[in-house]
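Colleague: So I've got this file, final-v4.txt, and it contains compact mmCIF, C-alpha atoms:
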# COMPACT_ATOMS: atom_id res chain seq x y z
CA MET A 1 4.61 -18.02 -20.50
CA THR A 2 3.10 -14.61 -19.82
CA SER A 3 2.35 -14.77 -16.12
CA GLY A 4 3.73 -16.26 -12.96
CA PRO A 5 7.25 -16.40 -11.55
CA ASP A 6 8.83 -18.16 -14.52
CA GLN A 7 8.09 -15.48 -17.12
CA ASP A 8 11.15 -14.45 -19.05
CA VAL A 9 11.70 -10.86 -17.86
CA THR A 10 14.31 -10.28 -20.56
CA VAL A 11 11.54 -10.24 -23.16
CA ALA A 12 10.15 -6.72 -23.56
CA PRO A 13 6.44 -6.38 -22.74
CA THR A 14 4.14 -5.68 -25.69
CA PRO A 15 3.43 -1.96 -26.04
CA PRO A 16 -0.33 -1.30 -25.90
CA ALA A 17 -2.24 0.61 -28.60
CA ALA A 18 -3.16 3.04 -25.82
CA LEU A 19 0.33 4.54 -26.20
CA ASP A 20 -0.90 6.23 -29.37
CA GLY A 21 -3.77 7.92 -27.56
CA PRO A 22 -6.28 9.46 -27.39
CA ALA A 23 -6.09 10.92 -23.89
CA THR A 24 -8.71 8.95 -22.02
CA ALA A 25 -8.78 7.53 -18.50
CA ASP A 26 -8.92 3.99 -19.91
CA ASN A 27 -5.84 4.58 -22.05
CA ALA A 28 -4.03 6.20 -19.13
CA MET A 29 -4.72 3.07 -17.10
CA LEU A 30 -3.43 0.80 -19.89
CA VAL A 31 -0.28 2.88 -20.29
CA GLY A 32 0.17 2.74 -16.52
CA LYS A 33 -0.05 -1.06 -16.59
CA TYR A 34 2.53 -1.22 -19.38
CA PHE A 35 4.84 1.07 -17.39
CA ILE A 36 4.68 -1.30 -14.41
CA GLN A 37 5.34 -4.29 -16.66
CA LEU A 38 8.48 -2.55 -17.96
CA ILE A 39 10.07 -2.39 -14.50
CA PRO A 40 11.47 -5.95 -14.28
CA TYR A 41 12.55 -5.73 -17.92
CA VAL A 42 14.50 -2.52 -17.31
CA ILE A 43 16.14 -3.87 -14.16
CA ALA A 44 17.09 -7.23 -15.68
CA THR A 45 18.35 -5.99 -19.06
CA GLY A 46 19.37 -2.36 -18.65
CA GLU A 47 17.39 -1.66 -21.84
CA THR A 48 15.82 1.73 -21.17
CA ALA A 49 14.61 2.96 -24.57
CA GLN A 50 10.90 2.34 -23.94
CA TRP A 51 11.24 3.43 -20.30
CA ASP A 52 12.99 6.68 -21.22
CA ALA A 53 10.33 7.47 -23.83
CA LEU A 54 7.68 7.31 -21.08
CA SER A 55 9.68 8.98 -18.28
CA GLY A 56 8.83 12.56 -17.40
CA PRO A 57 11.81 14.83 -16.63
CA ASP A 58 11.02 15.17 -12.90
CA CYS A 59 9.98 11.60 -12.27
CA LYS A 60 12.23 10.29 -9.49
CA PHE A 61 10.71 6.84 -9.62
CA CYS A 62 11.56 6.65 -13.33
CA ALA A 63 15.14 7.82 -12.74
CA SER A 64 15.57 5.34 -9.90
CA ALA A 65 14.61 2.31 -12.02
CA ARG A 66 16.75 3.56 -14.89
CA GLU A 67 19.79 3.88 -12.62
CA LEU A 68 19.24 0.41 -11.25
CA GLY A 69 18.95 -1.12 -14.73
CA LEU A 70 22.11 0.62 -15.88
CA GLU A 71 23.98 -0.45 -12.74
CA VAL A 72 23.04 -4.10 -13.37
CA ALA A 73 24.18 -3.87 -16.98
CA THR A 74 27.43 -1.97 -16.47
CA GLU A 75 28.62 -3.82 -13.37
CA GLY A 76 27.95 -7.27 -14.75
CA GLN A 77 25.28 -8.02 -12.14
CA ARG A 78 22.64 -10.65 -12.72
CA VAL A 79 18.96 -10.58 -11.81
CA THR A 80 16.90 -13.75 -11.39
CA GLY A 81 13.11 -13.68 -11.09
CA GLY A 82 11.28 -10.43 -10.37
CA ALA A 83 8.48 -10.91 -12.92
CA ILE A 84 5.37 -8.78 -12.41
CA ASP A 85 1.73 -9.80 -12.90
CA VAL A 86 -0.46 -6.74 -13.28
CA GLY A 87 -3.94 -6.83 -11.71
CA PHE A 88 -6.73 -4.29 -11.14
CA GLY A 89 -6.10 -0.81 -12.58
CA HIS A 90 -8.04 2.41 -12.38
CA ALA A 91 -7.42 5.93 -13.68
CA SER A 92 -9.22 9.26 -13.60
CA GLU A 93 -8.58 12.62 -15.19
CA ALA A 94 -7.18 15.37 -12.98
CA GLU A 95 -8.35 18.97 -13.08
CA GLU A 96 -5.55 19.85 -15.49
CA GLU A 97 -6.53 18.70 -18.95
CA GLY A 98 -4.58 15.73 -20.25
CA VAL A 99 -3.31 14.76 -16.79
CA PHE A 100 -4.48 11.52 -15.20
CA SER A 101 -4.04 9.74 -11.87
CA ALA A 102 -3.82 5.98 -12.07
CA SER A 103 -3.49 3.24 -9.53
CA ILE A 104 -2.33 -0.22 -10.56
CA ASP A 105 -2.33 -3.32 -8.36
CA TYR A 106 0.23 -6.01 -9.11
CA VAL A 107 2.18 -8.98 -7.82
CA GLU A 108 5.98 -9.00 -7.99
CA HIS A 109 7.52 -12.47 -7.88
CA PRO A 110 10.63 -13.32 -5.84
CA SER A 111 13.97 -12.19 -7.18
CA GLN A 112 17.65 -11.88 -6.44
CA ARG A 113 20.29 -9.47 -7.66
CA ILE A 114 23.75 -11.02 -7.79
CA ALA A 115 27.09 -9.29 -8.26
CA ALA A 116 29.58 -10.40 -10.88
CA ASP A 117 31.58 -12.21 -8.19
CA GLY A 118 28.55 -14.18 -7.02
CA THR A 119 27.71 -12.11 -3.90
CA VAL A 120 23.98 -11.79 -3.37
CA LEU A 121 23.33 -8.04 -3.31
CA LYS A 122 19.56 -8.14 -2.84
CA ASP A 123 17.31 -11.04 -1.96
CA TYR A 124 13.52 -10.79 -2.14
CA PRO A 125 12.39 -14.30 -1.22
CA GLU A 126 8.64 -13.58 -1.05
CA ALA A 127 6.17 -12.75 -3.79
CA THR A 128 4.53 -9.48 -2.75
CA THR A 129 1.39 -7.61 -3.75
CA ALA A 130 1.80 -3.90 -4.32
CA ARG A 131 -0.12 -0.85 -5.48
CA ALA A 132 1.49 1.77 -7.69
CA HIS A 133 0.15 5.33 -7.99
CA LEU A 134 1.08 7.12 -11.19
CA GLU A 135 0.48 10.55 -12.59
CA LEU A 136 0.51 10.66 -16.41
CA ARG A 137 0.18 13.42 -18.97
CA TRP A 138 -0.80 13.20 -22.62
CA ALA A 139 0.78 16.01 -24.64
CA GLU A 140 1.95 16.39 -28.24
CA GLY A 141 1.07 12.87 -29.21
CA SER A 142 2.69 10.96 -26.36
CA TRP A 143 2.27 9.90 -22.73
CA LYS A 144 4.72 10.87 -20.00
CA ILE A 145 4.87 9.59 -16.43
CA LEU A 146 5.07 12.74 -14.31
CA GLY A 147 5.59 10.84 -11.08
CA ALA A 148 5.04 7.44 -9.51
CA SER A 149 5.20 5.66 -6.19
CA SER A 150 4.65 2.08 -5.20
CA ASP A 151 3.81 0.51 -1.85
CA ASP A 152 3.87 -3.07 -0.65
CA LEU A 153 0.50 -4.40 0.44
CA GLY A 154 1.78 -7.68 1.86
CA SER A 155 2.90 -11.10 0.78
CA ALA A 156 1.12 -12.58 -2.19
CA MET B 1 -1.08 22.11 -3.92
CA ARG B 2 -2.00 22.10 -0.26
CA ARG B 3 0.13 20.02 2.05
CA ALA B 4 -0.88 19.18 5.58
CA PHE B 5 1.60 17.91 8.12
CA VAL B 6 1.35 15.38 10.90
CA SER B 7 0.58 17.47 13.97
CA SER B 8 0.97 16.78 17.68
CA VAL B 9 2.08 13.18 17.53
CA VAL B 10 1.09 11.34 20.68
CA LEU B 11 3.42 8.45 21.28
CA VAL B 12 1.74 5.32 22.54
CA LEU B 13 3.99 2.33 23.06
CA ALA B 14 2.28 -0.96 22.39
CA PHE B 15 4.35 -3.87 23.58
CA THR B 16 3.23 -6.64 21.32
CA ALA B 17 5.90 -9.30 21.07
CA ALA B 18 7.00 -9.42 17.48
CA SER B 19 8.46 -12.86 17.00
CA ALA B 20 8.96 -12.57 13.27
CA VAL B 21 9.04 -9.10 11.73
CA PRO B 22 7.32 -9.01 8.36
CA ALA B 23 9.88 -8.12 5.69
CA PHE B 24 7.69 -7.37 2.68
CA ALA B 25 9.87 -5.89 0.05
CA SER B 26 10.34 -6.08 -3.66
CA ALA B 27 12.58 -4.42 -6.20
CA SER B 28 9.78 -2.21 -7.53
CA THR B 29 8.64 -0.89 -4.16
CA GLU B 30 12.19 -0.01 -3.14
CA LEU B 31 12.53 2.42 -6.04
CA GLU B 32 12.43 6.08 -5.06
CA ASP B 33 8.89 7.46 -4.73
CA ASP B 34 7.60 10.74 -6.10
CA GLU B 35 5.38 12.79 -3.75
CA ALA B 36 1.80 11.55 -3.55
CA HIS B 37 -0.50 13.38 -5.92
CA LEU B 38 -3.58 14.78 -4.22
CA THR B 39 -6.46 13.87 -6.50
CA ASP B 40 -9.20 16.35 -7.28
CA ALA B 41 -11.67 14.07 -5.54
CA PHE B 42 -9.54 14.15 -2.37
CA LYS B 43 -9.03 17.93 -2.45
CA ALA B 44 -12.72 18.55 -3.16
CA ASN B 45 -13.70 16.25 -0.30
CA LEU B 46 -11.33 18.12 2.04
CA GLU B 47 -13.13 21.33 1.12
CA LEU B 48 -16.51 19.68 1.79
CA ARG B 49 -15.32 18.39 5.21
CA HIS B 50 -14.07 21.83 6.13
CA TRP B 51 -17.42 23.35 5.19
CA ARG B 52 -19.30 20.77 7.26
CA ALA B 53 -17.14 21.66 10.24
CA HIS B 54 -17.41 25.42 9.58
CA PRO B 55 -20.69 25.97 7.65
CA ASP B 56 -20.56 28.95 5.33
CA PRO B 57 -24.02 30.28 4.35
CA LEU B 58 -22.65 31.56 1.07
CA VAL B 59 -21.76 28.10 -0.25
CA GLU B 60 -23.66 24.87 -0.85
CA TYR B 61 -22.41 21.43 -1.83
CA ALA B 62 -24.20 18.41 -3.22
CA HIS B 63 -23.35 14.97 -4.48
CA ALA B 64 -25.26 14.04 -7.58
CA PRO B 65 -24.68 11.89 -10.62
CA LEU B 66 -25.87 14.51 -13.01
CA CYS B 67 -26.76 18.12 -13.11
CA ASN B 68 -28.66 17.92 -16.33
CA VAL B 69 -31.88 19.85 -16.46
CA GLY B 70 -32.25 19.34 -20.18
CA SER B 71 -32.50 15.55 -20.50
CA GLN B 72 -35.88 13.98 -21.18
CA TYR B 73 -34.80 10.58 -19.89
CA LEU B 74 -33.10 11.38 -16.65
CA ALA B 75 -34.37 13.37 -13.72
CA PRO B 76 -31.96 16.09 -12.75
CA GLY B 77 -29.88 15.06 -9.76
CA ILE B 78 -30.12 18.44 -8.08
CA ASP B 79 -32.13 21.62 -8.32
CA GLY B 80 -30.83 24.68 -10.02
CA GLU B 81 -28.93 25.75 -13.08
CA CYS B 82 -25.81 23.86 -14.01
CA SER B 83 -22.60 24.82 -15.69
CA PRO B 84 -21.63 22.71 -18.64
CA PRO B 85 -20.39 20.00 -19.04
CA ASN B 86 -23.68 18.60 -17.88
CA GLY B 87 -23.13 15.13 -16.61
CA THR B 88 -20.97 13.28 -19.12
CA VAL B 89 -18.35 12.23 -16.61
CA PRO B 90 -16.83 8.75 -16.70
CA VAL B 91 -17.76 6.37 -13.89
CA PRO B 92 -14.78 4.38 -12.67
CA ALA B 93 -14.76 0.73 -11.67
CA CYS B 94 -13.72 0.61 -8.02
CA GLY B 95 -13.11 -3.08 -7.40
CA ASP B 96 -15.41 -4.12 -4.56
CA ASP B 97 -16.45 -0.56 -3.66
CA SER B 98 -19.26 1.52 -5.18
CA PRO B 99 -18.08 4.75 -6.83
CA VAL B 100 -18.81 8.06 -5.08
CA GLU B 101 -21.02 10.55 -6.96
CA PRO B 102 -19.54 13.77 -8.36
CA LEU B 103 -19.35 16.75 -5.98
CA TRP B 104 -21.01 20.02 -7.00
CA ARG B 105 -20.80 23.50 -5.47
CA ARG B 106 -22.68 26.75 -5.87
CA THR B 107 -22.36 30.13 -4.15
CA ARG B 108 -24.45 33.23 -3.47
CA PRO B 109 -23.41 36.83 -2.81
CA SER B 110 -24.93 37.08 0.70
CA ALA B 111 -26.73 34.93 3.27
CA ALA B 112 -29.97 36.79 2.65
CA SER B 113 -29.78 36.42 -1.11
CA ASP B 114 -31.51 33.71 -3.10
CA ASN B 115 -29.40 34.47 -6.13
CA TRP B 116 -27.41 31.25 -6.23
CA SER B 117 -24.80 30.77 -8.91
CA ARG B 118 -24.93 27.78 -11.20
CA TRP B 119 -23.80 24.44 -9.82
CA GLU B 120 -20.17 23.78 -10.74
CA MET B 121 -18.69 20.31 -10.67
CA LEU B 122 -15.72 20.22 -8.29
CA ALA B 123 -14.85 16.60 -8.81
CA GLY B 124 -16.19 13.78 -10.96
CA TRP B 125 -16.99 10.23 -9.98
CA ALA B 126 -14.34 8.79 -7.70
CA CYS B 127 -13.57 5.60 -5.87
CA PRO B 128 -13.96 5.75 -2.07
CA GLN B 129 -10.26 4.91 -1.74
CA ASP B 130 -9.41 8.20 -3.48
CA LEU B 131 -11.07 10.14 -0.66
CA LEU B 132 -8.73 8.78 1.99
CA PRO B 133 -5.56 10.72 2.76
CA PRO B 134 -2.22 9.55 1.41
CA PHE B 135 0.68 9.26 3.87
CA PRO B 136 3.69 10.96 2.30
CA GLN B 137 7.13 9.66 3.22
CA ALA B 138 8.11 13.09 4.54
CA ASP B 139 5.38 12.81 7.18
CA PHE B 140 6.49 9.31 8.09
CA ARG B 141 10.00 10.57 8.76
CA ARG B 142 8.58 13.25 11.05
CA LEU B 143 7.09 10.71 13.44
CA LYS B 144 9.13 10.51 16.63
CA ILE B 145 9.69 6.79 16.81
CA ASP B 146 11.29 5.66 20.06
CA PRO B 147 14.42 3.65 19.19
CA LEU B 148 14.39 -0.05 20.10
CA ALA B 149 16.12 -1.16 23.26
CA ALA B 150 19.31 -3.08 22.42
CA HIS B 151 21.48 -5.35 24.54
CA ARG B 152 24.83 -7.10 24.50
CA GLN B 153 26.06 -10.22 26.20
CA PRO B 154 28.32 -10.31 28.06
CA GLY B 155 27.10 -7.06 29.56
CA ARG B 156 30.19 -6.38 31.70
CA ASP B 157 32.27 -3.21 31.34
CA GLU B 158 35.11 -5.36 29.99
CA VAL B 159 34.77 -8.14 27.44
CA LEU B 160 37.43 -10.33 25.87
CA VAL B 161 38.96 -10.29 22.42
CA ASN B 162 38.39 -13.37 20.30
CA LYS B 163 35.19 -14.21 22.18
CA PRO B 164 31.85 -13.62 20.43
CA LEU B 165 29.76 -10.74 21.75
CA ILE B 166 26.04 -11.39 21.33
CA VAL B 167 23.87 -8.41 20.43
CA TYR B 168 20.11 -8.28 20.08
CA ALA B 169 17.27 -5.77 19.95
CA ASP B 170 13.82 -5.96 21.55
CA ALA B 171 11.83 -5.97 18.30
CA GLU B 172 8.42 -4.37 18.83
CA HIS B 173 5.67 -2.57 17.01
CA ARG B 174 5.04 1.02 18.05
CA THR B 175 1.61 2.60 17.62
CA PHE B 176 0.66 6.25 17.33
CA ARG B 177 -2.53 8.23 17.31
CA THR B 178 -2.27 11.27 15.03
CA SER B 179 -3.89 13.08 12.10
CA LEU B 180 -3.28 13.61 8.41
CA PHE B 181 -5.06 16.33 6.42
CA THR B 182 -7.55 16.61 9.34
CA TYR B 183 -8.34 12.87 9.28
CA GLY B 184 -7.80 11.00 12.54
CA ILE B 185 -5.49 8.04 11.97
CA ASP B 186 -3.85 5.16 13.79
CA VAL B 187 -0.28 4.40 12.80
CA ASP B 188 1.59 1.15 13.41
CA VAL B 189 5.33 1.01 12.76
CA TYR B 190 7.56 -2.04 12.91
CA PRO B 191 11.30 -2.66 12.47
CA VAL B 192 12.39 -4.37 9.26
CA GLU B 193 16.19 -4.15 9.27
CA TYR B 194 18.94 -3.89 11.87
CA ALA B 195 22.34 -2.39 11.10
CA TRP B 196 24.89 -2.91 13.88
CA ASP B 197 28.09 -0.89 14.03
CA PHE B 198 30.56 -2.41 16.48
CA GLY B 199 32.90 0.55 16.69
CA ASP B 200 35.93 -1.33 15.38
CA GLY B 201 35.25 -0.71 11.71
CA GLU B 202 33.01 -3.77 11.40
CA THR B 203 29.29 -3.70 10.76
CA LEU B 204 26.54 -6.29 10.41
CA THR B 205 23.13 -5.80 8.81
CA THR B 206 20.34 -8.33 9.27
CA THR B 207 16.61 -8.68 9.12
CA SER B 208 16.67 -10.58 12.40
CA PRO B 209 16.74 -8.67 15.70
CA GLY B 210 18.93 -11.35 17.28
CA SER B 211 18.29 -13.09 20.59
CA PRO B 212 19.93 -13.57 23.96
CA TYR B 213 22.41 -16.30 24.90
CA PRO B 214 22.68 -19.14 23.95
CA SER B 215 21.78 -17.84 20.50
CA PHE B 216 24.73 -16.56 18.49
CA ASP B 217 22.49 -15.44 15.61
CA VAL B 218 23.75 -11.90 15.75
CA ALA B 219 27.20 -11.68 17.24
CA HIS B 220 30.57 -10.08 16.67
CA THR B 221 34.08 -11.02 17.69
CA TYR B 222 36.59 -8.28 18.38
CA ARG B 223 40.11 -9.15 17.23
CA GLU B 224 41.96 -6.40 19.02
CA ALA B 225 41.77 -4.69 22.37
CA THR B 226 39.88 -1.45 22.00
CA SER B 227 37.32 0.85 23.50
CA ALA B 228 34.05 0.11 21.74
CA THR B 229 30.64 1.68 21.33
CA VAL B 230 27.95 -0.40 19.66
CA VAL B 231 25.36 1.51 17.65
CA LEU B 232 22.20 -0.02 16.22
CA THR B 233 20.42 1.71 13.35
CA THR B 234 16.90 0.34 12.92
CA THR B 235 14.93 0.74 9.71
CA TRP B 236 11.16 0.96 10.18
CA LYS B 237 8.15 0.55 7.92
CA GLY B 238 4.56 1.25 8.83
CA THR B 239 0.86 1.03 8.11
CA TYR B 240 -1.95 3.46 8.93
CA ARG B 241 -5.69 3.23 9.33
CA VAL B 242 -8.03 6.15 8.75
CA ASP B 243 -10.85 6.52 11.32
CA GLU B 244 -13.31 7.38 8.59
CA ASP B 245 -12.50 4.45 6.34
CA PRO B 246 -15.57 2.19 6.57
CA ASP B 247 -13.38 -0.80 5.64
CA GLY B 248 -10.98 0.00 8.47
CA GLU B 249 -8.19 -1.03 6.16
CA TRP B 250 -4.54 -0.86 7.25
CA ARG B 251 -2.80 0.94 4.39
CA ASP B 252 0.88 0.87 3.65
CA ILE B 253 2.99 3.93 4.36
CA SER B 254 5.48 4.91 1.65
CA GLY B 255 9.13 4.41 2.41
CA THR B 256 11.03 3.92 5.63
CA ALA B 257 12.24 5.76 8.70
CA THR B 258 15.27 5.06 10.89
CA THR B 259 16.17 5.30 14.57
CA THR B 260 19.50 4.97 16.37
CA THR B 261 20.22 3.13 19.61
CA THR B 262 23.64 3.65 21.19
CA LEU B 263 24.84 1.23 23.84
CA ASP B 264 27.10 2.43 26.67
CA PRO B 265 30.77 2.17 25.72
CA PHE B 266 32.82 -0.76 27.03
CA ASP B 267 36.37 -2.06 26.79
CA VAL B 268 37.59 -5.07 24.87
CA ILE B 269 40.62 -6.56 26.61
CA GLU B 270 43.02 -9.42 26.22
CA LEU B 271 43.08 -12.18 28.79
CA ARG B 272 46.70 -12.58 29.74
CA SER B 273 47.71 -15.99 31.00
CA ARG B 274 49.68 -15.93 34.26
CA LEU B 275 52.33 -18.03 32.62
CA ASP B 276 53.19 -15.07 30.34
CA GLY B 277 54.70 -13.37 33.40
Please, can you express the file's structure as structure tokens?
Modeller:
Amino acid sequence: MTSGPDQDVTVAPTPPAALDGPATADNAMLVGKYFIQLIPYVIATGETAQWDALSGPDCKFCASARELGLEVATEGQRVTGGAIDVGFGHASEAEEEGVFSASIDYVEHPSQRIAADGTVLKDYPEATTARAHLELRWAEGSWKILGASSDDLGSA
Amino acid sequence: MRRAFVSSVVLVLAFTAASAVPAFASASTELEDDEAHLTDAFKANLELRHWRAHPDPLVEYAHAPLCNVGSQYLAPGIDGECSPPNGTVPVPACGDDSPVEPLWRRTRPSAASDNWSRWEMLAGWACPQDLLPPFPQADFRRLKIDPLAAHRQPGRDEVLVNKPLIVYADAEHRTFRTSLFTYGIDVDVYPVEYAWDFGDGETLTTTSPGSPYPSFDVAHTYREATSATVVLTTTWKGTYRVDEDPDGEWRDISGTATTTTTLDPFDVIELRSRLDG
């Protein structure tokens, strides 16, 4: 199952060919979509290898998801749900060569984060639509996310 | 990168009864945001708006798909010499909106001169959404949001230990009229979370504002006599609408802001039975 709330978020999303370049707006958009799809995987499994490879050094959004994934893994927490279905995406090149702005619409399905002792730490009972804004750079044969933000648009 | 700040916030209180406060949230949107990137299209459009408000005879702007005087198939979009690249700019797909044509600029040394420079492309094709201002979280936190009114029941100066004290807040939207990057905007903020501190070391956080007696939805029981001050910290989210957005869309504001409401202090006392005498 590759969409909807019952997707297995512990399965890593397939990396797109766009990761190998070249630096085009279309590829930036596809890399952006992949980045968003990685979020529930990172949070549920604490596996950050692919995430770290894409994360720019000053990207607070990237660091924030990484910390959350590591917290879940090291404190024996459990995440249920949280799958993401990516929708419309758009990217354009910025003035600086190799830098792109992308916006990606998506739906995040309901989820819960549960402590090792069974306490519910976070409960998101509603599926929500959201729009992420990313800034990406292609340099030396790879993409980096320079920064990202994501806003709720309402319930799905 | 230019930053503009929310200026002269005019506080308008709109008392719409909010029976159920929307609590849209998801793991991904609660991650920490990086500052909004101002796209070239947005910055170029800001420059164009400024020029329209303060015309400068030394500069001219034009929107045109191409500035290609050399093509035999396409008529040039605008008069005059163009700087390369001449027109090979990607056109984005913009969902339901039509893309906005690239913005070009040229200058001349004096108002009397006809010696215009070549047209330079300031920004390529963009989606209309890209021309609307972002609302950075820092600006959201600068809004002076009036804290919610909060109440307790009983409301007497002395209440009893081991008896529940009901607390509740008057959940409301608040609306503002302000500006962002010179764009007039409406802002609507609404409470999403209530964190009560009862002053005895106990706290309670809910997404419900609570309600008056006989509802014990949000209540606290003091176990010891004490002097207590109840403090409510409200977390707010918001949406904004840009005057110039033809869709009049309410757009989400990044992040949250908080306000504090402090109730007057009161005493918690024990009811001594006369028979104790």
Colleague: Could you check the closest approach to chain A for each of B:Thr259, B:Ser110, B:Gln137, B:Thr226 and tell me which residue wins, using only C-alpha atoms?
Modeller: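 Checking each of B:Thr259, B:Ser110, B:Gln137, B:Thr226 against chain A, counting only C-alpha atoms, the winner is B:Gln137.
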Colleague: If the cut-off is 6 Å, can you tell me the residues of chain A near chain B, counting all atoms listed in the file? I'd like them as a ChimeraX atom specification.
Modeller: /A:60-61,64,124,147-151,154
Colleague: Pick out the closest residue to Ser103 (chain A) from this set: A:Val120, A:Pro125, A:Leu30, A:Val11. Count all atoms listed in the file.
Modeller: A:Leu30
Colleague: With all atoms listed in the file as the counted atoms, please give the residues lying no more than 7 Å from region 78-95 of chain A, apart from itself and same-chain residues fewer than 5 positions off, as a PyMOL selection string.
Modeller: (chain A and resi 3-5+7+9+25-26+28-29+33+37+40+44+72+100-115) or (chain B and resi 39-40+93)
Colleague: To one decimal place in Å, what is the distance between CA of Thr233 (chain B) and CA of Gly155 (chain B)?
Modeller: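 CA of Gly155 (chain B) lies at a distance of 19.6 Å from CA of Thr233 (chain B).
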Colleague: Expressed in Å to a single decimal, how great is the separation between CA of Val268 (chain B) and CA of Leu160 (chain B)?
Modeller: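 Atom-to-atom, CA of Val268 (chain B) to CA of Leu160 (chain B), that is 5.4 Å.
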Colleague: Report, in Å with one decimal, the straight-line distance from CA of Pro55 (chain B) to CA of Asp245 (chain B).
Modeller: 23.1 Å
Colleague: Do you know which residues are at most 8 Å from Phe35 (chain A) counting all atoms listed in the file, after dropping those on the same chain fewer than 3 positions away, and could you put them as a list in words?
Modeller: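 Listed by chain and then number, they are Val31, Gly32, Leu38, Ile39, Trp51 and Leu54 of chain A.
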Colleague: Which neighbours of Gly238 (chain B) fall inside 8 Å, counting all atoms listed in the file, when residues of the same chain fewer than 6 positions from it are skipped, and could you give them as a list in words?
Modeller: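 Contacts, in chain order: Val187, Asp188, Val189, Tyr190, Asp252, Ile253 and Thr256 of chain B.
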